[in-house]
Amino acid sequence: MTDLDLGGGYSARPISLEAYREACARLEDRIFGGNSLYAFDPAVRPAPPPGESWNWGVYQGAELVGWHHAHALDGRTVYMADTGLLPEHQGRGVYSRLLPHLLAAFRAAGFTLVQSHHRATNNAVIVPKLRAGFHLQGLNAYEGGVNAALTLSLDHTYRQAMHVRSGFRAPSGEVARRLGVPDTPAPTLADTPDLPLPPEAESGLDLGGGYRLHRVPTATYREVYAQLEASAYDTDSFDWGDREPAPAPHGPLWSWLISHEDRVAGWQASRAWDTRTAHMVNTALLPPHRGQGVYTRLLPVVLDALRAEGYALVRSHHHLTNNAVIVPKLRAGFRFQGVQINGHGVMAVLLLSFDPAYAAYMDRRSGLTRL
């Protein structure tokens, strides 16, 4: 097989299992030596025999600078067990360029699912995986720390089933049949009303592309939300029916509207969670305004405002499979901190620290670092 050209002077090619193990023995301390790993006593049981495996070496010129090792877990699942790059070659996009070649090889080998685990705060690896179509499936604690479990489906129907399980989509058609649940017609978004920006909205900050972010009174936000909610959400949330809700939590609520050409394009609301934590409760863009980078540009503005209020931490909750929102959050510095089930489905809990010391503490807790 010819070398895979990864650009920037890097290439990859298959190597033997023995060559992969030799590279690990020689280089893994330089790559992973800063991680925290529980030191077990020597094993008293022999390792199980290795199954079918795939091994690649990553090269700069003729020098081996990294590797990838994967092995079959069962008849439909391959496990991406180990990827390493020497520190001086990290941060150059090598992993992001290697990943599609690996996934193509797994697809050609007949696998349906691809799984991997990464330290929960290792966004440098998690973000490329999510952008490639992996979804968070859970968190687990093991001898290396706290890991995020990621799964990619190479089968379209199963990928839709993952959305159903998270509550991001309703079950319908072939997905409902395979899950053995009632076929539920997918909710359709209501036509989007042409709602002018309320006069009480502040002048706002420029988000680029003709979009602006405006602070508004809480009552105004709630009025707009009531008018546009059906045009913004088609997720599979629990219907509480006519049950009267309890009063909203006490504490301040900060509300913004997003405008485009003086019309409402979306909103953001955040409130106090506790004495040091703000909660980004609700963000939405109406369908015509999605996919244009508005959320990514909005995020630092809202975070700056919450930081100015004196909060050290910001948390948010999102459907496990909603990568369109999770990826910008991780790129902004949020980290996976947990998984919870609520009335909207199975949600990823994300946390951002404005305090570098606490961010370092999160990395130590996950096992990504020792300090």
# chains A, B, ... in the order shown; residues from 1 in each chain; ligands from 1
$ select_by_dssp --residues "range 66-310 of chain A" --states "strand (DSSP E)" --output "JSON, numbers by chain"
{"A": [66, 67, 68, 69, 70, 71, 72, 77, 78, 79, 80, 81, 82, 83, 84, 85, 113, 114, 115, 116, 117, 118, 119, 135, 136, 137, 138, 139, 140, 141, 142, 145, 146, 147, 148, 149, 150, 151, 152, 153, 205, 206, 207, 208, 211, 212, 213, 214, 215, 216, 253, 254, 255, 256, 257, 258, 259, 260, 263, 264, 265, 266, 267, 268, 269, 270, 271, 272, 277, 278, 279, 280, 281, 282, 283, 284, 285]}
$ residues_around --residues "Phe336 in chain A" --least-positions-apart "2" --cutoff "9 Å" --atoms "only C-alpha atoms" --output "list in words"
Ala120, Thr121, Asn123, Leu139, Ala148, Leu330, Phe334, Gly338, Val339, Ala348, Val349, Leu350 and Leu351 of chain A
$ residues_around --residues "Gln137 in chain A" --least-positions-apart "5" --cutoff "8 Å" --atoms "only C-alpha atoms" --output "PyMOL selection string"
chain A and resi 148-151+320
$ closest_residue --among "A:Pro245, A:Val58, A:Pro287, A:Thr275" --to "Thr188 in chain A" --atoms "only C-alpha atoms"
A:Pro287
$ atom_distance --atom1 "CA of Met362 in chain A" --atom2 "CA of Gly34 in chain A"
14.6 Å
$ residues_around --residues "Arg297 in chain A" --least-positions-apart "3" --cutoff "8 Å" --atoms "only C-alpha atoms" --output "NGL selection string"
:A and (207-208 or 293-294 or 300-301)
$ residues_around --residues "Arg92 in chain A" --least-positions-apart "4" --cutoff "12 Å" --atoms "only C-alpha atoms" --output "VMD selection string"
chain A and resid 6 to 10 85 to 88 96 to 98 124
$ write_last_selection --atoms "N, CA and C atoms" --output "tab-separated table (two decimals), in the first residue's frame"
chain	number	residue	atom	x	y	z
A	6	LEU	N	-0.44	13.03	4.27
A	6	LEU	CA	-1.23	13.81	5.24
A	6	LEU	C	-0.96	15.30	5.14
A	7	GLY	N	-0.11	15.70	4.20
A	7	GLY	CA	0.19	17.12	4.04
A	7	GLY	C	1.21	17.59	5.06
A	8	GLY	N	1.85	18.70	4.75
A	8	GLY	CA	2.80	19.30	5.68
A	8	GLY	C	4.02	18.45	5.93
A	9	GLY	N	4.34	17.56	4.98
A	9	GLY	CA	5.50	16.70	5.17
A	9	GLY	C	5.22	15.43	5.95
A	10	TYR	N	3.95	15.18	6.29
A	10	TYR	CA	3.59	13.99	7.07
A	10	TYR	C	2.95	12.95	6.16
A	85	LEU	N	1.10	11.00	19.08
A	85	LEU	CA	2.00	11.85	18.30
A	85	LEU	C	3.00	12.48	19.25
A	86	LEU	N	4.26	12.52	18.87
A	86	LEU	CA	5.25	13.20	19.69
A	86	LEU	C	4.82	14.65	19.91
A	87	PRO	N	5.09	15.20	21.10
A	87	PRO	CA	4.59	16.54	21.43
A	87	PRO	C	4.93	17.61	20.40
A	88	GLU	N	6.12	17.55	19.83
A	88	GLU	CA	6.53	18.60	18.88
A	88	GLU	C	5.76	18.53	17.57
A	96	SER	N	-6.37	15.28	12.64
A	96	SER	CA	-7.59	15.57	11.88
A	96	SER	C	-7.47	15.09	10.44
A	97	ARG	N	-6.26	15.15	9.87
A	97	ARG	CA	-6.08	14.71	8.48
A	97	ARG	C	-5.94	13.19	8.38
A	98	LEU	N	-5.45	12.55	9.44
A	98	LEU	CA	-5.34	11.10	9.44
A	98	LEU	C	-6.69	10.43	9.64
A	124	ALA	N	-8.53	18.48	22.44
A	124	ALA	CA	-7.71	18.46	21.23
A	124	ALA	C	-7.98	17.22	20.40
$ closest_residue --among "A:Pro356, A:Pro247, A:Gly180, A:Gly84" --to "Leu27 in chain A" --atoms "only C-alpha atoms"
A:Gly84
$ residues_around --residues "Gly75 in chain A" --least-positions-apart "3" --cutoff "12 Å" --atoms "only C-alpha atoms" --output "PyMOL selection string"
chain A and resi 51-52+71-72+78-79+109-114
$ closest_residue --among "A:Asn122, A:Pro288, A:Arg307, A:Asn140" --to "Gly333 in chain A" --atoms "only C-alpha atoms"
A:Asn122
$ closest_residue --among "A:Tyr142, A:Tyr221, A:Tyr211, A:Tyr233" --to "Ser259 in chain A" --atoms "only C-alpha atoms"
A:Tyr211
$ residues_around --residues "Ala278 in chain A" --least-positions-apart "5" --cutoff "10 Å" --atoms "only C-alpha atoms" --output "ChimeraX atom specification"
/A:252-254,270-273,303,306-307,309-316,351-352
$ closest_atom_pairs --of "range 229-257 of chain A" --to "range 192-205 of chain A" --cutoff "12 Å" --atoms "only C-alpha atoms" --output "JSON lines"
{"residue": "A:Glu229", "atom": "CA", "partner": "A:Thr192", "partner_atom": "CA", "distance": 9.6}
{"residue": "A:Ala230", "atom": "CA", "partner": "A:Thr192", "partner_atom": "CA", "distance": 8.5}
{"residue": "A:Ser231", "atom": "CA", "partner": "A:Thr192", "partner_atom": "CA", "distance": 5.4}
{"residue": "A:Ala232", "atom": "CA", "partner": "A:Thr192", "partner_atom": "CA", "distance": 8.3}
{"residue": "A:Tyr233", "atom": "CA", "partner": "A:Thr192", "partner_atom": "CA", "distance": 11.4}
{"residue": "A:Ser255", "atom": "CA", "partner": "A:Ala201", "partner_atom": "CA", "distance": 10.1}
{"residue": "A:Trp256", "atom": "CA", "partner": "A:Ala201", "partner_atom": "CA", "distance": 8.4}
{"residue": "A:Leu257", "atom": "CA", "partner": "A:Ala201", "partner_atom": "CA", "distance": 7.8}
$ atom_distance --atom1 "CA of Asp239 in chain A" --atom2 "CA of His279 in chain A"
23.2 Å
$ closest_residue --among "A:Ala359, A:Val224, A:Val181, A:Val325" --to "Leu130 in chain A" --atoms "only C-alpha atoms"
A:Val325
$ atom_distance --atom1 "CA of Tyr38 in chain A" --atom2 "CA of His69 in chain A"
22.0 Å
$ select_by_dssp --residues "range 299-357 of chain A" --states "helix (DSSP H, G or I)" --output "number ranges by chain"
A: 299-308, 323-331, 356-357
$ closest_residue --among "A:Gly291, A:Pro48, A:Gly33, A:Gly251" --to "Asp274 in chain A" --atoms "only C-alpha atoms"
A:Gly251
